[in-house]
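S.K.: Coordinates in final.cif, mmCIF, C-alpha atoms, are listed below.
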data_run
#
loop_
_atom_site.group_PDB
_atom_site.id
_atom_site.type_symbol
_atom_site.label_atom_id
_atom_site.label_comp_id
_atom_site.auth_asym_id
_atom_site.auth_seq_id
_atom_site.Cartn_x
_atom_site.Cartn_y
_atom_site.Cartn_z
ATOM 1 C CA MET A 147 -46.427 86.105 193.411
ATOM 2 C CA SER A 148 -49.101 85.006 191.025
ATOM 3 C CA ALA A 149 -48.246 84.736 187.286
ATOM 4 C CA ALA A 150 -49.506 87.522 185.096
ATOM 5 C CA TYR A 151 -52.512 86.743 182.969
ATOM 6 C CA MET A 152 -51.897 86.475 179.232
ATOM 7 C CA PRO A 153 -54.569 86.258 176.603
ATOM 8 C CA PRO A 154 -54.747 82.871 174.851
ATOM 9 C CA HIS A 155 -53.535 84.303 171.569
ATOM 10 C CA SER A 156 -51.093 86.898 172.794
ATOM 11 C CA PRO A 157 -47.691 87.166 170.960
ATOM 12 C CA ALA A 158 -45.744 86.456 174.139
ATOM 13 C CA LEU A 159 -47.650 83.264 174.763
ATOM 14 C CA THR A 160 -47.237 82.170 171.171
ATOM 15 C CA ARG A 161 -43.431 82.645 171.287
ATOM 16 C CA ARG A 162 -43.191 80.829 174.664
ATOM 17 C CA THR A 163 -45.219 77.906 173.310
ATOM 18 C CA ALA A 164 -43.005 77.690 170.216
ATOM 19 C CA ARG A 165 -39.847 77.625 172.343
ATOM 20 C CA VAL A 166 -41.261 74.879 174.581
ATOM 21 C CA ARG A 167 -42.182 72.777 171.567
ATOM 22 C CA ALA A 168 -38.779 73.292 169.963
ATOM 23 C CA THR A 169 -37.026 72.323 173.185
ATOM 24 C CA ALA A 170 -39.104 69.162 173.529
ATOM 25 C CA LEU A 171 -38.400 68.227 169.937
ATOM 26 C CA LEU A 172 -34.642 68.725 170.365
ATOM 27 C CA LEU A 173 -34.620 66.639 173.554
ATOM 28 C CA LEU A 174 -36.545 63.863 171.829
ATOM 29 C CA LEU A 175 -34.143 63.847 168.841
ATOM 30 C CA GLY A 176 -31.115 63.944 171.132
ATOM 31 C CA GLY A 177 -32.347 60.960 173.118
ATOM 32 C CA THR A 178 -33.020 58.952 169.992
ATOM 33 C CA MET A 179 -29.551 59.653 168.540
ATOM 34 C CA ALA A 180 -27.871 58.748 171.839
ATOM 35 C CA ALA A 181 -29.690 55.413 171.931
ATOM 36 C CA CYS A 182 -28.612 54.628 168.366
ATOM 37 C CA ASN A 183 -24.969 55.520 169.015
ATOM 38 C CA SER A 184 -24.754 53.436 172.188
ATOM 39 C CA THR A 185 -26.045 50.245 170.528
ATOM 40 C CA GLY A 186 -23.082 47.976 169.544
ATOM 41 C CA ALA A 187 -20.496 50.805 169.886
ATOM 42 C CA ASP A 188 -17.415 50.904 172.074
ATOM 43 C CA GLN A 189 -17.673 53.522 174.792
ATOM 44 C CA THR A 190 -14.082 54.616 174.176
ATOM 45 C CA ASN A 191 -14.801 55.296 170.463
ATOM 46 C CA ALA A 192 -18.178 56.924 170.924
ATOM 47 C CA VAL A 193 -18.479 60.362 169.403
ATOM 48 C CA PRO A 194 -19.476 62.913 172.057
ATOM 49 C CA ARG A 195 -22.881 64.402 171.545
ATOM 50 C CA GLN A 196 -22.948 68.065 170.716
ATOM 51 C CA PRO A 197 -24.841 70.219 173.229
ATOM 52 C CA ALA A 198 -28.289 71.298 172.272
ATOM 53 C CA PRO A 199 -28.480 74.805 170.906
ATOM 54 C CA ASP A 200 -29.781 77.582 173.023
ATOM 55 C CA GLN A 201 -33.527 77.889 172.997
ATOM 56 C CA GLY A 202 -33.354 81.374 171.633
ATOM 57 C CA ALA A 203 -30.729 80.595 168.933
ATOM 58 C CA VAL A 204 -31.736 81.029 165.336
ATOM 59 C CA VAL A 205 -30.528 78.322 162.910
ATOM 60 C CA SER A 206 -29.702 79.827 159.484
ATOM 61 C CA THR A 207 -29.910 77.863 156.216
ATOM 62 C CA PRO A 208 -27.366 78.687 153.438
ATOM 63 C CA ILE A 209 -28.983 80.477 150.559
ATOM 64 C CA VAL A 210 -27.996 79.010 147.153
ATOM 65 C CA ASP A 211 -27.550 81.564 144.365
ATOM 66 C CA THR A 212 -29.556 79.659 141.782
ATOM 67 C CA VAL A 213 -29.159 82.392 139.177
ATOM 68 C CA ALA A 214 -25.330 82.287 139.335
ATOM 69 C CA ALA A 215 -25.316 78.474 139.336
ATOM 70 C CA ASP A 216 -27.583 78.339 136.290
ATOM 71 C CA THR A 217 -25.395 80.894 134.500
ATOM 72 C CA ALA A 218 -22.193 78.924 135.213
ATOM 73 C CA LEU A 219 -23.823 75.691 134.062
ATOM 74 C CA ALA A 220 -25.035 77.310 130.859
ATOM 75 C CA HIS A 221 -21.569 78.770 130.178
ATOM 76 C CA ALA A 222 -19.912 75.380 130.723
ATOM 77 C CA THR A 223 -22.442 73.743 128.422
ATOM 78 C CA ASP A 224 -21.845 76.321 125.678
ATOM 79 C CA THR A 225 -18.089 75.858 126.012
ATOM 80 C CA ALA A 226 -18.398 72.095 125.716
ATOM 81 C CA ARG A 227 -20.621 72.454 122.668
ATOM 82 C CA ALA A 228 -18.183 74.890 121.028
ATOM 83 C CA ALA A 229 -15.252 72.570 121.701
ATOM 84 C CA SER A 230 -17.082 69.631 120.141
ATOM 85 C CA ALA A 231 -18.346 71.606 117.141
ATOM 86 C CA PHE A 232 -15.195 70.766 115.160
ATOM 87 C CA ASP A 233 -13.402 67.467 114.669
ATOM 88 C CA LEU A 234 -9.925 68.992 114.571
ATOM 89 C CA SER A 235 -8.148 72.313 114.941
ATOM 90 C CA GLY A 236 -4.656 73.757 114.710
ATOM 91 C CA THR A 237 -2.329 76.233 113.029
ATOM 92 C CA LEU A 238 -1.825 76.384 109.270
ATOM 93 C CA GLU A 239 1.870 75.965 108.527
ATOM 94 C CA PRO A 240 3.625 76.172 105.140
ATOM 95 C CA GLN A 241 4.583 72.852 103.636
ATOM 96 C CA ALA A 242 8.032 74.245 102.768
ATOM 97 C CA ARG A 243 9.994 76.653 104.987
ATOM 98 C CA ALA A 244 13.723 77.433 104.812
ATOM 99 C CA LEU A 245 15.783 79.222 107.454
ATOM 100 C CA LEU A 246 18.839 80.650 105.700
ATOM 101 C CA ARG A 247 22.021 81.167 107.712
ATOM 102 C CA ALA A 248 25.457 82.620 107.094
ATOM 103 C CA GLU A 249 27.881 79.816 106.254
ATOM 104 C CA LEU A 250 31.002 81.949 106.838
ATOM 105 C CA SER A 251 31.911 84.793 109.151
ATOM 106 C CA GLY A 252 32.188 88.212 107.575
ATOM 107 C CA ALA A 253 30.424 91.428 106.625
ATOM 108 C CA LEU A 254 26.897 91.235 105.249
ATOM 109 C CA ARG A 255 27.480 93.225 102.090
ATOM 110 C CA THR A 256 23.964 92.969 100.630
ATOM 111 C CA LEU A 257 20.581 91.847 101.947
ATOM 112 C CA ALA A 258 18.171 92.875 99.251
ATOM 113 C CA ALA A 259 15.263 90.549 100.066
ATOM 114 C CA LYS A 260 12.378 92.227 101.878
ATOM 115 C CA VAL A 261 9.591 90.701 103.941
ATOM 116 C CA GLY A 262 6.648 89.736 101.738
ATOM 117 C CA GLU A 263 8.707 89.798 98.551
ATOM 118 C CA SER A 264 8.340 86.886 96.137
ATOM 119 C CA VAL A 265 11.585 85.203 95.115
ATOM 120 C CA ARG A 266 12.456 82.522 92.599
ATOM 121 C CA ALA A 267 14.546 79.438 93.216
ATOM 122 C CA GLY A 268 18.241 80.296 92.901
ATOM 123 C CA ALA A 269 17.752 84.036 93.328
ATOM 124 C CA VAL A 270 20.506 85.854 95.268
ATOM 125 C CA LEU A 271 19.098 86.981 98.611
ATOM 126 C CA ALA A 272 22.274 88.087 100.419
ATOM 127 C CA THR A 273 26.049 88.275 99.920
ATOM 128 C CA LEU A 274 28.927 88.198 102.378
ATOM 129 C CA GLU A 275 32.282 89.927 102.073
ATOM 130 C CA VAL A 276 35.279 87.857 103.282
ATOM 131 C CA PRO A 277 38.543 89.098 101.630
ATOM 132 C CA ALA A 278 40.570 86.113 102.817
ATOM 133 C CA VAL A 279 38.281 83.710 100.970
ATOM 134 C CA ARG A 280 38.657 85.494 97.663
ATOM 135 C CA ALA A 281 42.421 85.743 98.184
ATOM 136 C CA ALA A 282 42.593 81.999 98.750
ATOM 137 C CA LEU A 283 40.775 81.420 95.485
ATOM 138 C CA ALA A 284 43.170 83.671 93.590
ATOM 139 C CA ALA A 285 46.154 81.802 95.026
ATOM 140 C CA ALA A 286 44.630 78.457 94.104
ATOM 141 C CA GLU A 287 43.988 79.646 90.548
ATOM 142 C CA ALA A 288 47.646 80.728 90.207
ATOM 143 C CA GLN A 289 48.844 77.381 91.490
ATOM 144 C CA VAL A 290 46.741 75.505 88.976
ATOM 145 C CA GLN A 291 48.100 77.594 86.128
ATOM 146 C CA ALA A 292 51.690 77.034 87.294
ATOM 147 C CA GLN A 293 51.212 73.270 87.463
ATOM 148 C CA GLN A 294 49.638 73.224 84.021
ATOM 149 C CA VAL A 295 52.701 74.968 82.564
ATOM 150 C CA SER A 296 55.037 72.544 84.355
ATOM 151 C CA LEU A 297 53.123 69.547 83.038
ATOM 152 C CA GLN A 298 53.321 70.823 79.492
ATOM 153 C CA GLN A 299 57.114 71.257 79.776
ATOM 154 C CA VAL A 300 57.633 67.805 81.289
ATOM 155 C CA GLN A 301 55.453 66.189 78.655
ATOM 156 C CA ARG A 302 57.444 67.850 75.808
ATOM 157 C CA GLU A 303 60.747 66.726 77.309
ATOM 158 C CA ARG A 304 59.453 63.184 77.750
ATOM 159 C CA ALA A 305 58.431 63.104 74.102
ATOM 160 C CA ARG A 306 61.954 64.172 73.081
ATOM 161 C CA VAL A 307 63.528 61.448 75.247
ATOM 162 C CA ALA A 308 61.131 58.857 73.824
ATOM 163 C CA GLY A 309 62.389 59.774 70.308
ATOM 164 C CA LEU A 310 66.004 59.307 71.379
ATOM 165 C CA LEU A 311 65.154 55.991 72.980
ATOM 166 C CA ALA A 312 63.807 54.761 69.660
ATOM 167 C CA VAL A 313 67.207 55.335 67.953
ATOM 168 C CA GLY A 314 69.260 54.200 70.942
ATOM 169 C CA GLY A 315 70.253 57.709 72.032
ATOM 170 C CA VAL A 316 69.187 57.197 75.710
ATOM 171 C CA SER A 317 68.816 54.271 78.010
ATOM 172 C CA ARG A 318 65.562 52.742 79.172
ATOM 173 C CA ALA A 319 66.256 53.832 82.739
ATOM 174 C CA GLU A 320 66.409 57.489 81.627
ATOM 175 C CA MET A 321 63.067 57.065 79.879
ATOM 176 C CA ASP A 322 61.529 55.616 83.036
ATOM 177 C CA GLU A 323 62.762 58.643 84.963
ATOM 178 C CA TRP A 324 60.913 61.009 82.648
ATOM 179 C CA ASP A 325 57.766 58.925 82.939
ATOM 180 C CA ALA A 326 57.947 59.337 86.734
ATOM 181 C CA ARG A 327 58.387 63.111 86.350
ATOM 182 C CA VAL A 328 55.264 63.330 84.218
ATOM 183 C CA GLN A 329 53.239 61.353 86.758
ATOM 184 C CA ALA A 330 54.456 63.552 89.651
ATOM 185 C CA THR A 331 53.566 66.731 87.773
ATOM 186 C CA GLU A 332 50.105 65.393 86.948
ATOM 187 C CA ALA A 333 49.533 64.590 90.634
ATOM 188 C CA ALA A 334 50.635 68.102 91.626
ATOM 189 C CA LEU A 335 48.209 69.565 89.103
ATOM 190 C CA GLN A 336 45.351 67.482 90.491
ATOM 191 C CA ALA A 337 46.129 68.659 94.016
ATOM 192 C CA ALA A 338 46.138 72.288 92.882
ATOM 193 C CA GLN A 339 42.820 71.766 91.125
ATOM 194 C CA ALA A 340 41.319 70.266 94.284
ATOM 195 C CA GLN A 341 42.526 73.267 96.273
ATOM 196 C CA ARG A 342 40.950 75.574 93.719
ATOM 197 C CA ALA A 343 37.640 73.673 93.934
ATOM 198 C CA SER A 344 37.636 74.085 97.724
ATOM 199 C CA ALA A 345 38.313 77.806 97.409
ATOM 200 C CA GLN A 346 35.554 78.112 94.829
ATOM 201 C CA GLY A 347 33.167 76.412 97.236
ATOM 202 C CA ASP A 348 34.050 78.936 99.946
ATOM 203 C CA VAL A 349 33.413 81.785 97.527
ATOM 204 C CA ALA A 350 30.066 80.249 96.585
ATOM 205 C CA ARG A 351 29.102 80.206 100.276
ATOM 206 C CA LEU A 352 29.481 83.968 100.304
ATOM 207 C CA THR A 353 26.269 84.142 98.272
ATOM 208 C CA VAL A 354 22.960 83.151 99.884
ATOM 209 C CA ARG A 355 20.411 81.904 97.347
ATOM 210 C CA ALA A 356 16.764 80.898 97.592
ATOM 211 C CA PRO A 357 16.453 77.099 97.726
ATOM 212 C CA PHE A 358 12.954 77.233 96.202
ATOM 213 C CA SER A 359 10.456 79.742 94.883
ATOM 214 C CA GLY A 360 8.495 81.388 97.661
ATOM 215 C CA VAL A 361 7.977 84.495 99.764
ATOM 216 C CA VAL A 362 10.333 86.093 102.275
ATOM 217 C CA GLU A 363 8.840 85.502 105.709
ATOM 218 C CA ARG A 364 11.340 87.226 108.056
ATOM 219 C CA ARG A 365 14.633 89.118 108.092
ATOM 220 C CA MET A 366 16.883 88.596 111.103
ATOM 221 C CA ALA A 367 19.954 90.586 110.026
ATOM 222 C CA THR A 368 20.851 94.065 108.811
ATOM 223 C CA GLN A 369 22.768 94.899 105.678
ATOM 224 C CA GLY A 370 26.323 95.994 106.480
ATOM 225 C CA SER A 371 26.504 94.225 109.841
ATOM 226 C CA MET A 372 29.085 91.631 110.830
ATOM 227 C CA VAL A 373 27.773 88.080 111.099
ATOM 228 C CA GLN A 374 29.217 84.822 112.328
ATOM 229 C CA ALA A 375 28.954 81.441 110.669
ATOM 230 C CA GLY A 376 25.561 79.992 111.614
ATOM 231 C CA ASP A 377 23.812 83.318 112.235
ATOM 232 C CA GLU A 378 20.231 83.480 110.937
ATOM 233 C CA LEU A 379 19.762 85.872 108.032
ATOM 234 C CA LEU A 380 16.208 85.359 106.764
ATOM 235 C CA SER A 381 13.529 82.755 106.170
ATOM 236 C CA ILE A 382 11.326 82.041 103.179
ATOM 237 C CA ILE A 383 8.180 79.949 102.846
ATOM 238 C CA ASP A 384 6.148 78.469 100.034
ATOM 239 C CA PRO A 385 2.593 79.713 100.731
ATOM 240 C CA GLY A 386 1.120 77.757 97.824
ATOM 241 C CA THR A 387 0.481 74.731 100.057
ATOM 242 C CA LEU A 388 -0.323 74.836 103.759
ATOM 243 C CA GLU A 389 -0.602 71.965 106.206
ATOM 244 C CA LEU A 390 -2.527 71.477 109.431
ATOM 245 C CA ASP A 391 -1.196 69.005 111.997
ATOM 246 C CA ALA A 392 -3.975 68.149 114.448
ATOM 247 C CA GLY A 393 -5.612 65.389 116.441
ATOM 248 C CA VAL A 394 -9.059 63.880 115.889
ATOM 249 C CA PRO A 395 -11.084 61.990 118.519
ATOM 250 C CA ALA A 396 -10.624 58.251 118.686
ATOM 251 C CA THR A 397 -14.273 57.841 117.704
ATOM 252 C CA LEU A 398 -13.430 59.310 114.283
ATOM 253 C CA ALA A 399 -10.222 57.347 113.767
ATOM 254 C CA ARG A 400 -11.867 55.085 111.199
ATOM 255 C CA ALA A 401 -13.076 58.021 109.099
ATOM 256 C CA ALA A 402 -9.772 59.935 109.363
ATOM 257 C CA ARG A 403 -7.976 58.121 106.566
ATOM 258 C CA PRO A 404 -5.618 59.434 103.834
ATOM 259 C CA GLY A 405 -7.691 61.110 101.146
ATOM 260 C CA ALA A 406 -10.573 61.982 103.456
ATOM 261 C CA ARG A 407 -11.897 65.509 102.954
ATOM 262 C CA VAL A 408 -12.061 68.157 105.645
ATOM 263 C CA ALA A 409 -14.046 71.414 105.617
ATOM 264 C CA LEU A 410 -11.901 74.091 107.249
ATOM 265 C CA ARG A 411 -12.962 77.417 108.658
ATOM 266 C CA VAL A 412 -10.069 79.840 109.082
ATOM 267 C CA ALA A 413 -10.100 82.427 111.857
ATOM 268 C CA GLY A 414 -10.552 85.933 110.505
ATOM 269 C CA TRP A 415 -12.070 84.774 107.210
ATOM 270 C CA GLY A 416 -15.735 84.788 108.161
ATOM 271 C CA ASP A 417 -17.999 81.829 107.551
ATOM 272 C CA SER A 418 -16.391 80.815 104.254
ATOM 273 C CA THR A 419 -14.726 77.394 104.206
ATOM 274 C CA VAL A 420 -12.039 75.677 102.200
ATOM 275 C CA THR A 421 -11.964 71.967 101.465
ATOM 276 C CA ALA A 422 -8.714 70.142 102.222
ATOM 277 C CA ARG A 423 -7.602 66.518 102.341
ATOM 278 C CA ILE A 424 -5.868 64.327 104.885
ATOM 279 C CA VAL A 425 -2.481 63.252 103.487
ATOM 280 C CA ARG A 426 -0.879 61.492 106.468
ATOM 281 C CA VAL A 427 -2.255 59.566 109.443
ATOM 282 C CA ALA A 428 -0.338 58.424 112.512
ATOM 283 C CA PRO A 429 -0.252 54.634 112.956
ATOM 284 C CA ALA A 430 -1.382 54.808 116.600
ATOM 285 C CA LEU A 431 -3.339 56.999 118.981
ATOM 286 C CA ASP A 432 -1.487 59.546 121.062
ATOM 287 C CA PRO A 433 -0.976 57.889 124.474
ATOM 288 C CA VAL A 434 -1.613 61.163 126.326
ATOM 289 C CA THR A 435 -4.530 62.766 124.459
ATOM 290 C CA ARG A 436 -5.977 59.512 123.101
ATOM 291 C CA GLN A 437 -6.361 61.235 119.750
ATOM 292 C CA LEU A 438 -5.215 60.262 116.270
ATOM 293 C CA ARG A 439 -2.708 62.690 114.741
ATOM 294 C CA VAL A 440 -3.392 63.584 111.124
ATOM 295 C CA THR A 441 -1.882 66.004 108.604
ATOM 296 C CA VAL A 442 -4.291 67.956 106.440
ATOM 297 C CA ARG A 443 -2.999 69.567 103.241
ATOM 298 C CA VAL A 444 -4.670 72.842 102.306
ATOM 299 C CA PRO A 445 -4.408 74.169 98.724
ATOM 300 C CA ASN A 446 -3.514 77.861 98.745
ATOM 301 C CA GLY A 447 -2.448 78.630 95.194
ATOM 302 C CA ALA A 448 -3.776 82.192 95.330
ATOM 303 C CA GLY A 449 -1.985 82.795 98.625
ATOM 304 C CA ARG A 450 -5.107 84.135 100.313
ATOM 305 C CA LEU A 451 -4.745 82.136 103.499
ATOM 306 C CA PRO A 452 -1.886 83.403 105.672
ATOM 307 C CA ALA A 453 0.518 80.938 107.218
ATOM 308 C CA GLY A 454 0.109 80.780 110.977
ATOM 309 C CA ALA A 455 -3.683 81.273 110.914
ATOM 310 C CA TRP A 456 -5.846 79.209 113.238
ATOM 311 C CA ALA A 457 -8.201 76.776 111.496
ATOM 312 C CA GLU A 458 -10.958 74.443 112.674
ATOM 313 C CA GLY A 459 -12.296 71.638 110.550
ATOM 314 C CA THR A 460 -14.948 68.981 110.232
ATOM 315 C CA LEU A 461 -14.564 65.661 108.467
ATOM 316 C CA LEU A 462 -16.785 65.478 105.405
ATOM 317 C CA GLY A 463 -18.811 62.469 104.359
ATOM 318 C CA GLY A 464 -18.436 60.690 101.027
ATOM 319 C CA SER A 465 -21.234 62.757 99.471
ATOM 320 C CA ALA A 466 -19.672 66.104 100.304
ATOM 321 C CA ALA A 467 -18.932 68.374 97.377
ATOM 322 C CA THR A 468 -15.338 68.823 96.356
ATOM 323 C CA GLY A 469 -13.603 72.155 96.043
ATOM 324 C CA GLY A 470 -13.401 74.989 98.479
ATOM 325 C CA GLY A 471 -15.912 77.615 99.328
ATOM 326 C CA ARG A 472 -13.392 80.329 98.542
#
Can the structure from this file be put into structure tokens for me?
M.R.:
Amino acid sequence: MSAAYMPPHSPALTRRTARVRATALLLLLGGTMAACNSTGADQTNAVPRQPAPDQGAVVSTPIVDTVAADTALAHATDTARAASAFDLSGTLEPQARALLRAELSGALRTLAAKVGESVRAGAVLATLEVPAVRAALAAAEAQVQAQQVSLQQVQRERARVAGLLAVGGVSRAEMDEWDARVQATEAALQAAQAQRASAQGDVARLTVRAPFSGVVERRMATQGSMVQAGDELLSIIDPGTLELDAGVPATLARAARPGARVALRVAGWGDSTVTARIVRVAPALDPVTRQLRVTVRVPNGAGRLPAGAWAEGTLLGGSAATGGGR
């Protein structure tokens, strides 16, 4: 049967011509690759040639989401810039903090200190009630008084015997005996006094006092509850001076010296800054982070900056103005 006539520019002819050309091109490429693979290669290690795709198969090209890629790249760039905007960062911690514990087991009779309350050094913050401790002190006091009376009696008798010895009324051996009695009574008195001092120390431990002037940070116990020796009662801090322990890049190690100034921006306090100084510098870089650990001291006499706030800082040059922005 004779082939049907097709116009020179008909769609069917155009598609057939395209398929023929594609097939010829694939055969030509396949032959070239086979010749290259067979040159100098071991037949046992040759990689088998993949079969040519079907003439009617459509080869798809992955579509790259350029908008999403550009957005991710821009976000990563902004993050890197934000991370490098500051030379150091960390948490502001009080220079002085005290965690007060119960030194004896007993009832927590008073716990008057409240969170946020200012206290002075030596102020009574809590008291414990331990009847046995106070009873031991009373017994020690009575023992001291008894030994004092005994010593006075022995000393008077020794003085009488010494007078008799002077006129020959007693022998020297009897006088030596009274000297020994005086020494024994004095030793007993000293032992009673030591026992009283120990009991007084136990009574003193019933009272919890502030070791320095500051502010009550936390309360971990309840008034009237029973506590054991070592239980945490409360903590106080001195907010007048804060410190920031952070690392600076190795490239700034030379500038990060004691006395160097740092401009700090505290989270939650807007764009205002406070100027602080480096007070301590580690002698070597951290082997893990390859950073130099420094301690920055932040003046906080007014108590405006809260302990525990996050701060980020930049090392200032020698011409930077002193004093804080707040």
S.K.: For the PyMOL selection byres ((chain A and resi 398-408) around 9), applied here, can you spell out every residue it catches as a ChimeraX atom specification?
M.R.: /A:233,394-397,409-410,420-427,431,437-438,440-442,459-464,466,468
S.K.: Neighbouring residues of stretch 298-301 of chain A were defined as those with any atom within 8 Å, considering all atoms listed in the file; residues of the same chain fewer than 5 positions away were excluded. Please report them as a VMD selection string.
M.R.: chain A and resid 324 327 to 328 331
S.K.: Please dump the current selection as a PDB file, in the frame of the given file; keep C-alpha atoms.
M.R.:
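So again_24.pdb came out as:
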ATOM      1  CA  TRP A 324      60.913  61.009  82.648  1.00  0.00           C
ATOM      2  CA  ARG A 327      58.387  63.111  86.350  1.00  0.00           C
ATOM      3  CA  VAL A 328      55.264  63.330  84.218  1.00  0.00           C
ATOM      4  CA  THR A 331      53.566  66.731  87.773  1.00  0.00           C
TER       5      THR A 331
END
S.K.: Could you give me, as a PyMOL selection string, the residues within 12 Å of stretch 240-242 of chain A, counting all atoms listed in the file and dropping anything in the same chain fewer than 3 positions from it?
M.R.: chain A and resi 237+245+357-361+363+381-391+425+441-447+449+451-455
S.K.: Please measure the separation of atom CA of A:Arg280 and atom CA of A:Val349, giving the value in Å to one decimal.
M.R.: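 Answer for the atom CA of A:Arg280 to atom CA of A:Val349 separation: 6.4 Å.
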S.K.: Expand the PyMOL selection byres ((chain A and resi 290) around 8) into the individual residues it matches in the shown file, reporting them as number ranges by chain.
M.R.: A: 286-289, 291-294, 335, 338-339, 342
S.K.: Figure out the distance between atom CA of A:Leu246 and atom CA of A:Gln369, please, to one decimal in Å.
M.R.: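 Straight-line distance from atom CA of A:Gln369 to atom CA of A:Leu246 works out to 14.8 Å.
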S.K.: Could you please determine the separation between atom CA of A:Arg266 and atom CA of A:Gly347 in Å, to one decimal place?
M.R.: 22.1 Å
S.K.: Check the smallest atom-to-atom distance from each of A:Ala285, A:Ala319, A:Val373, A:Ala326 to A:Leu352 using all atoms listed in the file, then report the winner.
M.R.: A:Val373
